[in-house]
>>> print(open('entry-v5.txt').read())   # compact mmCIF, C-alpha atoms
# COMPACT_ATOMS: atom_id res chain seq x y z
CA MET T 1 -7.78 86.12 -247.52
CA LYS T 2 -10.73 84.82 -249.54
CA TYR T 3 -14.10 86.57 -249.38
CA ILE T 4 -16.19 84.52 -251.83
CA ASP T 5 -17.68 81.19 -250.77
CA THR T 6 -20.83 80.29 -252.69
CA LYS T 7 -21.18 77.11 -250.65
CA TYR T 8 -21.51 79.05 -247.41
CA THR T 9 -24.88 79.08 -245.64
CA PRO T 10 -25.37 82.09 -243.37
CA SER T 11 -25.88 81.30 -239.70
CA LYS T 12 -28.63 82.77 -237.51
CA THR T 13 -26.10 85.15 -236.00
CA ASP T 14 -24.82 86.54 -239.32
CA LEU T 15 -25.83 89.96 -240.54
CA VAL T 16 -26.72 89.60 -244.23
CA CYS T 17 -26.60 92.41 -246.79
CA ASP T 18 -28.17 92.40 -250.24
CA PHE T 19 -26.18 94.60 -252.61
CA TYR T 20 -26.63 95.74 -256.17
CA VAL T 21 -23.07 95.81 -257.53
CA GLN T 22 -22.13 97.44 -260.83
CA PRO T 23 -18.42 96.89 -261.53
CA SER T 24 -16.41 99.66 -263.15
CA GLY T 25 -14.22 99.34 -266.23
CA LYS T 26 -12.85 95.84 -266.75
CA THR T 27 -13.47 94.76 -263.15
CA GLY T 28 -15.60 91.61 -263.09
CA ILE T 29 -18.56 91.15 -260.78
CA ARG T 30 -16.70 88.60 -258.62
CA LYS T 31 -13.73 90.89 -258.11
CA ALA T 32 -15.98 93.85 -257.34
CA ALA T 33 -18.02 91.79 -254.87
CA GLU T 34 -14.82 90.61 -253.19
CA HIS T 35 -13.57 94.20 -252.88
CA VAL T 36 -16.83 95.22 -251.22
CA ALA T 37 -16.68 92.29 -248.79
CA ALA T 38 -13.05 92.98 -247.90
CA GLU T 39 -13.44 96.73 -247.40
CA SER T 40 -16.58 96.30 -245.29
CA SER T 41 -15.02 93.71 -242.99
CA VAL T 42 -11.33 92.96 -242.27
CA GLY T 43 -9.58 93.51 -245.61
CA THR T 44 -8.07 96.32 -247.65
CA TRP T 45 -6.61 96.88 -251.13
CA THR T 46 -3.37 94.90 -250.64
CA ASP T 47 -1.82 92.06 -248.62
CA LEU T 48 -0.85 93.01 -245.08
CA MET T 49 2.04 91.91 -242.93
CA THR T 50 -0.10 92.63 -239.85
CA GLU T 51 -2.85 90.19 -240.82
CA LYS T 52 -3.37 87.30 -238.40
CA LYS T 53 -4.79 83.83 -239.05
CA TYR T 54 -7.40 84.22 -236.33
CA MET T 55 -8.95 87.06 -238.31
CA LYS T 56 -10.26 84.71 -241.00
CA LYS T 57 -13.35 83.94 -238.99
CA LEU T 58 -14.21 87.66 -239.08
CA ALA T 59 -14.07 87.99 -242.87
CA ALA T 60 -17.30 88.76 -244.70
CA LYS T 61 -18.46 85.98 -247.02
CA VAL T 62 -20.03 86.55 -250.42
CA PHE T 63 -22.30 83.53 -250.68
CA SER T 64 -24.51 84.43 -253.65
CA ILE T 65 -23.88 86.25 -256.94
CA LYS T 66 -26.78 86.41 -259.40
CA GLY T 67 -26.23 88.97 -262.11
CA ASN T 68 -25.53 92.21 -260.26
CA ARG T 69 -27.21 90.98 -257.08
CA VAL T 70 -24.70 90.06 -254.41
CA ARG T 71 -25.50 88.64 -250.99
CA THR T 72 -22.87 88.92 -248.28
CA ALA T 73 -22.82 87.55 -244.72
CA TYR T 74 -21.02 89.31 -241.88
CA PRO T 75 -20.06 87.61 -238.59
CA LEU T 76 -21.77 89.15 -235.58
CA ASP T 77 -18.42 89.82 -233.86
CA LEU T 78 -17.67 92.55 -236.40
CA PHE T 79 -20.24 94.81 -234.79
CA GLU T 80 -20.65 96.71 -231.56
CA PHE T 81 -24.05 96.10 -230.01
CA GLY T 82 -26.30 99.15 -229.78
CA ASN T 83 -24.10 101.22 -232.13
CA ILE T 84 -25.77 102.05 -235.44
CA PRO T 85 -23.00 104.43 -236.64
CA GLN T 86 -20.42 101.66 -236.26
CA ILE T 87 -22.59 99.14 -238.10
CA LEU T 88 -23.22 101.55 -240.98
CA SER T 89 -19.58 102.59 -241.13
CA SER T 90 -18.83 98.92 -241.81
CA ILE T 91 -21.50 97.77 -244.25
CA ALA T 92 -22.19 101.17 -245.83
CA GLY T 93 -18.98 103.12 -245.34
CA ASN T 94 -15.95 103.32 -247.64
CA ILE T 95 -17.39 100.81 -250.07
CA PHE T 96 -19.39 103.42 -252.00
CA GLY T 97 -16.23 105.31 -252.95
CA MET T 98 -14.14 102.44 -254.31
CA LYS T 99 -12.90 102.67 -257.89
CA SER T 100 -13.78 99.05 -258.56
CA VAL T 101 -17.50 99.80 -258.41
CA ARG T 102 -19.31 102.16 -260.73
CA GLY T 103 -22.55 101.73 -258.85
CA LEU T 104 -23.30 100.16 -255.47
CA ARG T 105 -26.59 100.06 -253.58
CA LEU T 106 -27.43 98.47 -250.24
CA GLU T 107 -30.87 97.10 -251.06
CA ASP T 108 -31.77 95.18 -247.91
CA ILE T 109 -30.36 93.87 -244.67
CA GLU T 110 -31.15 90.94 -242.40
CA ILE T 111 -30.24 91.73 -238.80
CA PRO T 112 -29.71 88.86 -236.34
CA GLU T 113 -31.82 88.68 -233.20
CA LYS T 114 -28.96 89.31 -230.77
CA LEU T 115 -28.08 92.55 -232.51
CA VAL T 116 -31.72 93.64 -232.77
CA LYS T 117 -32.23 93.16 -229.05
CA SER T 118 -29.33 95.46 -228.23
CA PHE T 119 -31.54 98.37 -229.35
CA PRO T 120 -34.61 99.79 -227.59
CA GLY T 121 -37.09 99.89 -230.46
CA PRO T 122 -40.19 102.09 -230.34
CA ARG T 123 -41.58 103.06 -226.95
CA PHE T 124 -45.17 103.44 -228.20
CA GLY T 125 -45.49 101.99 -231.68
CA ILE T 126 -48.79 101.78 -233.51
CA GLN T 127 -50.96 100.64 -230.62
CA GLY T 128 -49.41 103.12 -228.21
CA VAL T 129 -50.17 106.00 -230.57
CA ARG T 130 -53.71 104.74 -231.07
CA ARG T 131 -54.24 104.65 -227.29
CA ILE T 132 -53.09 108.26 -226.96
CA LEU T 133 -55.45 109.44 -229.69
CA LYS T 134 -58.24 106.99 -228.79
CA VAL T 135 -58.58 105.93 -232.41
CA LYS T 136 -58.85 102.17 -232.65
CA SER T 137 -58.66 101.23 -236.30
CA ARG T 138 -59.04 103.94 -238.95
CA PRO T 139 -56.05 105.65 -240.55
CA LEU T 140 -54.94 108.71 -238.60
CA LEU T 141 -55.26 112.11 -240.22
CA GLY T 142 -52.48 114.64 -239.96
CA THR T 143 -51.43 117.91 -241.51
CA ILE T 144 -48.30 120.00 -241.82
CA VAL T 145 -48.59 123.69 -241.10
CA LYS T 146 -48.25 125.47 -244.44
CA PRO T 147 -46.57 127.58 -245.68
CA LYS T 148 -43.74 125.48 -244.29
CA LEU T 149 -41.70 128.58 -243.44
CA GLY T 150 -42.52 132.23 -242.93
CA LEU T 151 -45.60 132.25 -240.72
CA LYS T 152 -45.36 134.19 -237.48
CA THR T 153 -46.12 132.23 -234.32
CA SER T 154 -49.65 133.58 -233.95
CA ASP T 155 -50.55 132.66 -237.52
CA HIS T 156 -48.87 129.26 -237.20
CA THR T 157 -51.04 128.60 -234.13
CA LYS T 158 -54.22 129.64 -235.95
CA VAL T 159 -53.49 127.22 -238.77
CA ALA T 160 -52.90 124.37 -236.30
CA TYR T 161 -56.08 125.16 -234.36
CA SER T 162 -58.14 125.32 -237.55
CA ALA T 163 -56.81 121.94 -238.71
CA TRP T 164 -57.70 120.30 -235.40
CA LEU T 165 -61.12 121.92 -235.40
CA GLY T 166 -61.80 120.56 -238.88
CA GLY T 167 -60.94 116.98 -237.92
CA CYS T 168 -57.18 116.40 -238.00
CA ASP T 169 -55.72 114.18 -235.29
CA LEU T 170 -52.16 115.43 -235.65
CA VAL T 171 -50.58 118.74 -236.61
CA LYS T 172 -46.83 118.95 -237.17
CA ASP T 173 -44.09 121.40 -238.04
CA ASP T 174 -42.42 120.99 -241.40
CA GLU T 175 -38.87 119.70 -241.74
CA ASN T 176 -37.10 123.04 -241.99
CA LEU T 177 -38.95 124.91 -239.26
CA SER T 178 -36.94 124.97 -236.05
CA SER T 179 -36.42 128.24 -234.15
CA GLN T 180 -36.21 131.08 -236.63
CA ARG T 181 -36.74 134.70 -235.57
CA PHE T 182 -40.20 134.88 -237.13
CA ASN T 183 -41.36 131.79 -235.22
CA PRO T 184 -39.15 130.94 -232.21
CA PHE T 185 -39.36 127.39 -230.90
CA LYS T 186 -40.41 127.87 -227.28
CA LYS T 187 -43.05 130.48 -228.02
CA ARG T 188 -44.46 128.31 -230.82
CA VAL T 189 -44.66 125.22 -228.62
CA LEU T 190 -46.43 127.01 -225.76
CA GLU T 191 -48.97 128.78 -227.96
CA THR T 192 -49.68 125.77 -230.17
CA LEU T 193 -50.21 123.47 -227.18
CA LYS T 194 -52.73 125.98 -225.80
CA ALA T 195 -54.53 125.82 -229.13
CA ARG T 196 -54.43 122.02 -228.93
CA ASP T 197 -56.11 122.08 -225.53
CA LYS T 198 -58.79 124.44 -226.81
CA ALA T 199 -59.44 122.25 -229.86
CA GLU T 200 -59.77 119.15 -227.66
CA LYS T 201 -62.41 120.83 -225.50
CA GLU T 202 -64.37 122.03 -228.51
CA THR T 203 -64.25 118.80 -230.51
CA GLY T 204 -64.26 116.20 -227.74
CA GLU T 205 -61.39 114.44 -229.53
CA ARG T 206 -57.76 113.91 -228.60
CA LYS T 207 -55.35 116.08 -230.56
CA VAL T 208 -51.54 116.11 -230.74
CA TYR T 209 -48.88 118.56 -231.88
CA LEU T 210 -45.52 117.45 -233.32
CA PRO T 211 -42.94 120.22 -232.84
CA ASN T 212 -39.70 119.81 -234.76
CA VAL T 213 -36.91 119.58 -232.18
CA THR T 214 -34.13 119.02 -234.74
CA ALA T 215 -30.98 120.94 -233.81
CA GLU T 216 -27.45 120.39 -232.50
CA ALA T 217 -27.70 117.28 -230.31
CA LYS T 218 -27.60 118.92 -226.86
CA GLU T 219 -29.98 121.66 -227.93
CA MET T 220 -32.29 119.07 -229.49
CA LEU T 221 -32.52 117.12 -226.23
CA GLU T 222 -33.22 120.32 -224.30
CA ARG T 223 -36.00 121.18 -226.73
CA ALA T 224 -37.53 117.73 -226.28
CA LYS T 225 -37.50 118.19 -222.51
CA PHE T 226 -39.15 121.58 -222.93
CA VAL T 227 -41.95 120.02 -225.00
CA LYS T 228 -42.53 117.37 -222.34
CA ASP T 229 -42.56 119.91 -219.50
CA ALA T 230 -45.01 122.08 -221.46
CA GLY T 231 -47.47 119.20 -221.72
CA GLY T 232 -46.56 117.91 -225.17
CA GLU T 233 -46.79 114.23 -226.00
CA TYR T 234 -44.88 114.22 -229.31
CA VAL T 235 -41.63 115.40 -230.83
CA MET T 236 -40.44 115.30 -234.42
CA ILE T 237 -36.87 114.80 -235.62
CA ASP T 238 -35.35 115.03 -239.09
CA LEU T 239 -33.75 111.60 -238.89
CA ILE T 240 -31.21 111.78 -241.71
CA THR T 241 -29.96 115.33 -241.19
CA ALA T 242 -29.82 115.00 -237.39
CA GLY T 243 -28.22 111.56 -237.59
CA PHE T 244 -28.92 108.11 -236.20
CA SER T 245 -26.92 108.65 -233.02
CA ALA T 246 -28.78 111.89 -232.25
CA ALA T 247 -32.10 110.14 -232.79
CA GLN T 248 -31.02 107.27 -230.55
CA SER T 249 -30.01 109.74 -227.83
CA LEU T 250 -33.47 111.27 -228.08
CA ARG T 251 -35.06 107.85 -227.63
CA ASP T 252 -32.73 107.02 -224.75
CA LEU T 253 -33.94 110.05 -222.80
CA ASN T 254 -37.10 108.04 -222.06
CA LEU T 255 -39.15 111.21 -221.83
CA GLY T 256 -42.36 109.34 -222.54
CA VAL T 257 -43.03 111.25 -225.77
CA VAL T 258 -43.83 109.77 -229.17
CA ILE T 259 -41.00 110.22 -231.70
CA HIS T 260 -41.99 111.11 -235.26
CA ALA T 261 -39.20 110.70 -237.84
CA HIS T 262 -39.19 112.90 -240.93
CA ARG T 263 -36.92 111.57 -243.67
CA ALA T 264 -35.70 114.86 -245.14
CA MET T 265 -32.61 114.35 -247.36
CA HIS T 266 -33.26 110.60 -247.71
CA ALA T 267 -33.47 110.79 -251.50
CA ALA T 268 -29.81 111.80 -251.68
CA LEU T 269 -29.17 108.25 -250.49
CA THR T 270 -32.19 106.32 -251.74
CA ARG T 271 -33.34 107.63 -255.10
CA ASN T 272 -30.68 106.28 -257.48
CA PRO T 273 -31.65 102.63 -258.16
CA LYS T 274 -28.01 101.74 -258.87
CA HIS T 275 -26.24 103.56 -256.04
CA GLY T 276 -26.85 104.41 -252.41
CA ILE T 277 -28.97 102.91 -249.66
CA SER T 278 -32.62 101.92 -249.90
CA MET T 279 -35.32 103.50 -247.75
CA LEU T 280 -36.12 99.99 -246.55
CA VAL T 281 -32.68 99.74 -244.94
CA ILE T 282 -33.03 103.19 -243.37
CA SER T 283 -36.44 102.18 -242.01
CA LYS T 284 -34.99 99.08 -240.39
CA PHE T 285 -32.37 101.10 -238.53
CA ALA T 286 -35.00 103.67 -237.58
CA ARG T 287 -37.09 100.94 -235.99
CA LEU T 288 -34.06 99.62 -234.12
CA LEU T 289 -33.21 102.97 -232.55
CA GLY T 290 -36.80 103.51 -231.54
CA VAL T 291 -38.83 105.97 -233.62
CA ASP T 292 -42.59 105.48 -233.36
CA GLN T 293 -43.54 106.94 -236.75
CA ILE T 294 -41.63 107.41 -240.00
CA HIS T 295 -42.36 108.72 -243.49
CA ILE T 296 -42.48 105.98 -246.13
CA GLY T 297 -43.80 107.68 -249.28
CA THR T 298 -47.24 107.65 -250.86
CA VAL T 299 -47.04 105.98 -254.30
CA VAL T 300 -49.78 108.40 -255.45
CA GLY T 301 -48.42 111.75 -254.20
CA LYS T 302 -45.80 114.24 -255.42
CA MET T 303 -42.74 112.37 -254.15
CA GLU T 304 -40.94 109.60 -256.04
CA GLY T 305 -41.58 106.15 -254.57
CA PRO T 306 -42.60 103.00 -256.48
CA LYS T 307 -45.49 100.90 -255.20
CA LYS T 308 -43.28 97.86 -254.54
CA GLU T 309 -40.78 99.85 -252.48
CA VAL T 310 -43.36 101.71 -250.39
CA THR T 311 -45.31 98.49 -249.77
CA GLU T 312 -42.17 96.64 -248.66
CA ILE T 313 -41.31 99.38 -246.19
CA LYS T 314 -44.83 99.48 -244.79
CA ASN T 315 -44.97 95.70 -244.46
CA PHE T 316 -41.69 95.64 -242.55
CA LEU T 317 -42.66 98.43 -240.19
CA VAL T 318 -45.85 96.67 -239.09
CA SER T 319 -44.39 93.14 -239.03
CA GLU T 320 -43.07 91.11 -236.11
CA PHE T 321 -39.38 91.96 -235.58
CA PHE T 322 -37.88 90.03 -232.68
CA GLY T 323 -40.30 91.60 -230.24
CA LEU T 324 -39.79 95.27 -231.19
CA LYS T 325 -43.03 97.23 -231.41
CA PRO T 326 -44.28 98.12 -234.91
CA VAL T 327 -43.74 101.61 -236.30
CA PHE T 328 -46.59 103.75 -237.66
CA PRO T 329 -46.00 104.32 -241.41
CA VAL T 330 -46.58 107.93 -242.46
CA CYS T 331 -47.73 108.88 -245.96
CA SER T 332 -47.01 112.50 -246.85
CA GLY T 333 -46.28 114.59 -249.92
CA GLY T 334 -48.77 115.94 -252.45
CA LEU T 335 -51.82 114.25 -250.94
CA HIS T 336 -55.42 115.49 -251.06
CA PRO T 337 -58.81 113.99 -250.10
CA GLY T 338 -59.37 112.40 -253.50
CA LEU T 339 -56.36 110.12 -253.02
CA VAL T 340 -57.48 108.61 -249.70
CA PRO T 341 -59.24 105.53 -251.15
CA LYS T 342 -56.20 104.61 -253.26
CA LEU T 343 -53.87 104.98 -250.29
CA VAL T 344 -55.99 102.83 -248.00
CA LYS T 345 -56.43 100.20 -250.70
CA LEU T 346 -52.67 100.05 -251.28
CA LEU T 347 -51.44 100.24 -247.70
CA GLY T 348 -54.30 99.38 -245.35
CA LYS T 349 -55.61 101.19 -242.28
CA ASP T 350 -52.46 101.21 -240.15
CA ILE T 351 -51.11 104.37 -241.75
CA ILE T 352 -50.99 108.07 -240.95
CA ILE T 353 -52.20 110.19 -243.87
CA GLN T 354 -50.70 113.68 -243.84
CA MET T 355 -51.99 116.42 -246.13
CA GLY T 356 -50.41 119.85 -246.32
CA GLY T 357 -51.53 121.76 -249.37
CA GLY T 358 -54.36 119.25 -249.75
CA ILE T 359 -55.93 120.72 -246.61
CA HIS T 360 -54.75 124.34 -246.51
CA GLY T 361 -55.34 124.79 -250.23
CA HIS T 362 -59.06 124.06 -249.95
CA PRO T 363 -61.15 126.84 -251.57
CA ARG T 364 -62.70 127.68 -248.19
CA GLY T 365 -59.60 127.41 -246.06
CA THR T 366 -58.06 125.11 -243.49
CA ILE T 367 -61.14 124.15 -241.46
CA ALA T 368 -63.04 123.15 -244.58
CA GLY T 369 -59.94 121.38 -245.93
CA ALA T 370 -59.57 119.32 -242.76
CA LYS T 371 -63.28 118.49 -242.84
CA ALA T 372 -62.94 117.33 -246.44
CA ALA T 373 -59.99 115.09 -245.55
CA ARG T 374 -61.83 113.61 -242.57
CA GLN T 375 -64.92 113.05 -244.72
CA ALA T 376 -62.79 111.21 -247.28
CA LEU T 377 -61.54 108.95 -244.47
CA GLU T 378 -65.08 108.35 -243.22
CA ALA T 379 -66.32 107.45 -246.69
CA THR T 380 -63.40 105.13 -247.36
CA THR T 381 -63.68 103.25 -244.07
CA GLN T 382 -67.41 102.81 -244.66
CA GLY T 383 -66.89 101.56 -248.21
CA ILE T 384 -68.71 104.50 -249.78
CA SER T 385 -67.43 106.20 -252.92
CA LEU T 386 -66.16 109.74 -252.42
CA ARG T 387 -68.51 111.16 -255.04
CA SER T 388 -71.52 109.62 -253.32
CA TYR T 389 -70.38 110.83 -249.89
CA ALA T 390 -69.72 114.30 -251.27
CA LYS T 391 -73.40 114.78 -252.10
CA ALA T 392 -74.12 115.36 -248.40
CA HIS T 393 -70.69 116.73 -247.50
CA PRO T 394 -69.96 119.95 -249.39
CA GLU T 395 -66.39 120.34 -248.14
CA LEU T 396 -65.43 117.03 -249.74
CA GLY T 397 -67.27 117.96 -252.91
CA GLU T 398 -65.29 121.18 -253.25
CA ALA T 399 -62.01 119.32 -252.69
CA LEU T 400 -62.87 116.79 -255.37
CA ARG T 401 -63.76 119.53 -257.84
CA LYS T 402 -60.41 121.23 -257.23
CA TRP T 403 -58.06 118.23 -257.13
CA GLY T 404 -60.02 115.30 -258.53
>>> encode(input="entry-v5.txt", output="structure tokens")
Amino acid sequence: MKYIDTKYTPSKTDLVCDFYVQPSGKTGIRKAAEHVAAESSVGTWTDLMTEKKYMKKLAAKVFSIKGNRVRTAYPLDLFEFGNIPQILSSIAGNIFGMKSVRGLRLEDIEIPEKLVKSFPGPRFGIQGVRRILKVKSRPLLGTIVKPKLGLKTSDHTKVAYSAWLGGCDLVKDDENLSSQRFNPFKKRVLETLKARDKAEKETGERKVYLPNVTAEAKEMLERAKFVKDAGGEYVMIDLITAGFSAAQSLRDLNLGVVIHAHRAMHAALTRNPKHGISMLVISKFARLLGVDQIHIGTVVGKMEGPKKEVTEIKNFLVSEFFGLKPVFPVCSGGLHPGLVPKLVKLLGKDIIIQMGGGIHGHPRGTIAGAKAARQALEATTQGISLRSYAKAHPELGEALRKWG
């Protein structure tokens, strides 16, 4: 069976993958591309006596080879609707372990409308989140309770309350806080939501808490229900470590809570430019299954993430996508107030800016740190330089002196 046809034009129902293919040894690029197409559709390493002629229409077709860039079209009938694990097991399964490729990276994917519409997409999306928080246009300000692990529940709650009081819209757990003995899940949720209510009354602003519900699938769903019953409006899931099917089950509960997706462990898949899966591809599947917010990188923070890549992800998440609601891009990792203007200039106002150490590391503590971050947002949205704004806002001035 042949898998290369450079005269083929993909149809509107084809799923199209863009691969970077680095052949191994003496394997040429065409042979390597053909191996990838075969293994990810209906072929294998040798001729088969069980192969049928009617299967030819299901074969993947390599229709473009330019250097190491290979574009491959997959017939829609290869995939089960609404089943992300099955789709990924096809186009991103065994192919990464084949001897004929030294390096292989799934750079991008074009998903046909029929397949897209078999998934729920976000329940709230950007505008839904803005309605909850009653913030029409500025970037949202969030923080992560720090230290990420180790705080007892009472201290965790104090940090959250202080951040809200200083001006944060959102406070969330970090990726590895779940239900440890020093800070059990249910107690933390109940006490932190009480602090949220208190902060709302004192500030006159809407505030939200994002508890991390990540766990074994059944336990995770029970935790999400607990959050909803306790009066919470948000849950957070570690998308990669929990898995796409677990995240989709969380969305399918239809609890009416916003789903925030942390991307912990993504770099094991995304960081090598010559092997793995891009964060853009992961973001597309995340939008399909229905998360409302997802981490995309910062360009200017502590985490690796080139400007082009982060911008592409952000642009996709906020774009029209066969009627699915847009996803709120989240910037997090090594941020502080001095970086706010650069972030907004690079990525616009439809972002959530999360600062951990950049708030809690302020010389005068969390309340002052949150005030400084909010002041940086105010200055940026008004077109005022941070140094000028800091003259009348001492918290921002102190942050700038510490971090630049």
>>> closest_residue(input="entry-v5.txt", among="T:Leu346, T:Asp174, T:His360, T:Pro23", to="Pro306 of chain T", atoms="only C-alpha atoms")
T:Leu346
>>> residues_around(input="entry-v5.txt", residues="Lys187 of chain T", least_positions_apart="2", cutoff="12 Å", atoms="all atoms listed in the file", output="VMD selection string")
chain T and resid 152 to 154 156 to 157 178 to 185 189 to 194 211 223 226 to 227 230
>>> atom_distance(input="entry-v5.txt", atom1="atom CA of Leu165 of chain T", atom2="atom CA of Gly150 of chain T")
22.6 Å
>>> atom_distance(input="entry-v5.txt", atom1="atom CA of Leu343 of chain T", atom2="atom CA of Ala376 of chain T")
11.3 Å
>>> residues_around(input="entry-v5.txt", residues="Ile29 of chain T", least_positions_apart="4", cutoff="9 Å", atoms="only C-alpha atoms", output="JSON, numbers by chain")
{"T": [21, 22, 23, 33, 34, 65, 67, 68, 70]}
>>> residues_around(input="entry-v5.txt", residues="segment 136-143 of chain T", least_positions_apart="6", cutoff="9 Å", atoms="only C-alpha atoms", output="tab-separated table (two decimals) with C-alpha atoms, in the frame of the given file")
chain	number	residue	atom	x	y	z
T	127	GLN	CA	-50.96	100.64	-230.62
T	130	ARG	CA	-53.71	104.74	-231.07
T	160	ALA	CA	-52.90	124.37	-236.30
T	163	ALA	CA	-56.81	121.94	-238.71
T	164	TRP	CA	-57.70	120.30	-235.40
T	167	GLY	CA	-60.94	116.98	-237.92
T	168	CYS	CA	-57.18	116.40	-238.00
T	169	ASP	CA	-55.72	114.18	-235.29
T	170	LEU	CA	-52.16	115.43	-235.65
T	171	VAL	CA	-50.58	118.74	-236.61
T	172	LYS	CA	-46.83	118.95	-237.17
T	173	ASP	CA	-44.09	121.40	-238.04
T	332	SER	CA	-47.01	112.50	-246.85
T	344	VAL	CA	-55.99	102.83	-248.00
T	348	GLY	CA	-54.30	99.38	-245.35
T	349	LYS	CA	-55.61	101.19	-242.28
T	350	ASP	CA	-52.46	101.21	-240.15
T	351	ILE	CA	-51.11	104.37	-241.75
T	352	ILE	CA	-50.99	108.07	-240.95
T	353	ILE	CA	-52.20	110.19	-243.87
T	354	GLN	CA	-50.70	113.68	-243.84
T	355	MET	CA	-51.99	116.42	-246.13
T	356	GLY	CA	-50.41	119.85	-246.32
T	357	GLY	CA	-51.53	121.76	-249.37
T	358	GLY	CA	-54.36	119.25	-249.75
T	359	ILE	CA	-55.93	120.72	-246.61
T	360	HIS	CA	-54.75	124.34	-246.51
T	370	ALA	CA	-59.57	119.32	-242.76
T	373	ALA	CA	-59.99	115.09	-245.55
T	374	ARG	CA	-61.83	113.61	-242.57
T	377	LEU	CA	-61.54	108.95	-244.47
T	378	GLU	CA	-65.08	108.35	-243.22
T	381	THR	CA	-63.68	103.25	-244.07
>>> closest_atom_pairs(input="entry-v5.txt", of="segment 170-266 of chain T", to="segment 307-330 of chain T", cutoff="12 Å", atoms="all atoms listed in the file", output="JSON lines")
{"residue": "T:Leu170", "atom": "CA", "partner": "T:Val330", "partner_atom": "CA", "distance": 11.6}
{"residue": "T:Val258", "atom": "CA", "partner": "T:Phe328", "partner_atom": "CA", "distance": 10.8}
{"residue": "T:Ile259", "atom": "CA", "partner": "T:Val327", "partner_atom": "CA", "distance": 10.1}
{"residue": "T:His260", "atom": "CA", "partner": "T:Phe328", "partner_atom": "CA", "distance": 9.0}
{"residue": "T:Ala261", "atom": "CA", "partner": "T:Val330", "partner_atom": "CA", "distance": 9.1}
{"residue": "T:His262", "atom": "CA", "partner": "T:Val330", "partner_atom": "CA", "distance": 9.0}
{"residue": "T:Arg263", "atom": "CA", "partner": "T:Val330", "partner_atom": "CA", "distance": 10.4}
>>> closest_residue(input="entry-v5.txt", among="T:Arg102, T:Lys201, T:Lys114, T:Lys158", to="Ile367 of chain T", atoms="only C-alpha atoms")
T:Lys158
>>> atom_distance(input="entry-v5.txt", atom1="atom CA of Thr50 of chain T", atom2="atom CA of Gly82 of chain T")
28.8 Å
>>> residues_around(input="entry-v5.txt", residues="segment 266-271 of chain T", least_positions_apart="2", cutoff="12 Å", atoms="all atoms listed in the file", output="ChimeraX atom specification")
/T:92,96,104-108,238-243,261-264,273-283,294-297,303-306,309
>>> closest_residue(input="entry-v5.txt", among="T:Cys17, T:Asp155, T:Val291, T:Pro394", to="Pro363 of chain T", atoms="all atoms listed in the file")
T:Pro394
>>> residues_near_point(input="entry-v5.txt", point="(-34.9, 101.5, -226.7)", cutoff="9 Å", atoms="all atoms listed in the file", output="ChimeraX atom specification")
/T:118-123,248,251-252,254,288-290
>>> closest_residue(input="entry-v5.txt", among="T:Gly25, T:Arg69, T:Ala368, T:Lys2", to="Lys56 of chain T", atoms="only C-alpha atoms")
T:Lys2
>>> closest_residue(input="entry-v5.txt", among="T:Pro10, T:Gly103, T:Gly231, T:Gly166", to="Glu202 of chain T", atoms="all atoms listed in the file")
T:Gly166
>>> residues_around(input="entry-v5.txt", residues="segment 216-219 of chain T", least_positions_apart="3", cutoff="9 Å", atoms="all atoms listed in the file", output="list in words")
Val213, Glu222, Arg223, Ala224, Ala242, Ala246, Ala247, Ser249 and Leu250 of chain T
>>> write_last_selection(input="entry-v5.txt", atoms="C-alpha atoms", output="PDB file, in the frame of the given file")
ATOM      1  CA  VAL T 213     -36.910 119.580-232.180  1.00  0.00           C
ATOM      2  CA  GLU T 222     -33.220 120.320-224.300  1.00  0.00           C
ATOM      3  CA  ARG T 223     -36.000 121.180-226.730  1.00  0.00           C
ATOM      4  CA  ALA T 224     -37.530 117.730-226.280  1.00  0.00           C
ATOM      5  CA  ALA T 242     -29.820 115.000-237.390  1.00  0.00           C
ATOM      6  CA  ALA T 246     -28.780 111.890-232.250  1.00  0.00           C
ATOM      7  CA  ALA T 247     -32.100 110.140-232.790  1.00  0.00           C
ATOM      8  CA  SER T 249     -30.010 109.740-227.830  1.00  0.00           C
ATOM      9  CA  LEU T 250     -33.470 111.270-228.080  1.00  0.00           C
TER      10      LEU T 250
END
>>> closest_residue(input="entry-v5.txt", among="T:Thr13, T:Ser89, T:Thr366, T:Ser162", to="Pro75 of chain T", atoms="all atoms listed in the file")
T:Thr13
>>> decode(input="entry-v5.txt", residues="segment 352-357 of chain T", atoms="N, CA and C atoms", output="short mmCIF file (atom, residue, chain, number, x, y, z; two decimals), in the first residue's frame")
data_model
loop_
_atom_site.label_atom_id
_atom_site.label_comp_id
_atom_site.auth_asym_id
_atom_site.auth_seq_id
_atom_site.Cartn_x
_atom_site.Cartn_y
_atom_site.Cartn_z
N ILE T 352 -4.79 35.93 31.41
CA ILE T 352 -4.76 35.90 32.87
C ILE T 352 -3.30 35.92 33.28
N ILE T 353 -2.91 36.92 34.05
CA ILE T 353 -1.53 37.05 34.51
C ILE T 353 -1.44 36.51 35.93
N GLN T 354 -0.69 35.44 36.12
CA GLN T 354 -0.53 34.83 37.44
C GLN T 354 0.88 35.06 37.97
N MET T 355 0.96 35.61 39.16
CA MET T 355 2.25 35.82 39.82
C MET T 355 2.25 35.06 41.14
N GLY T 356 3.29 34.27 41.35
CA GLY T 356 3.44 33.58 42.62
C GLY T 356 4.43 34.31 43.49
N GLY T 357 5.72 34.01 43.28
CA GLY T 357 6.76 34.70 44.02
C GLY T 357 6.75 36.20 43.78
#
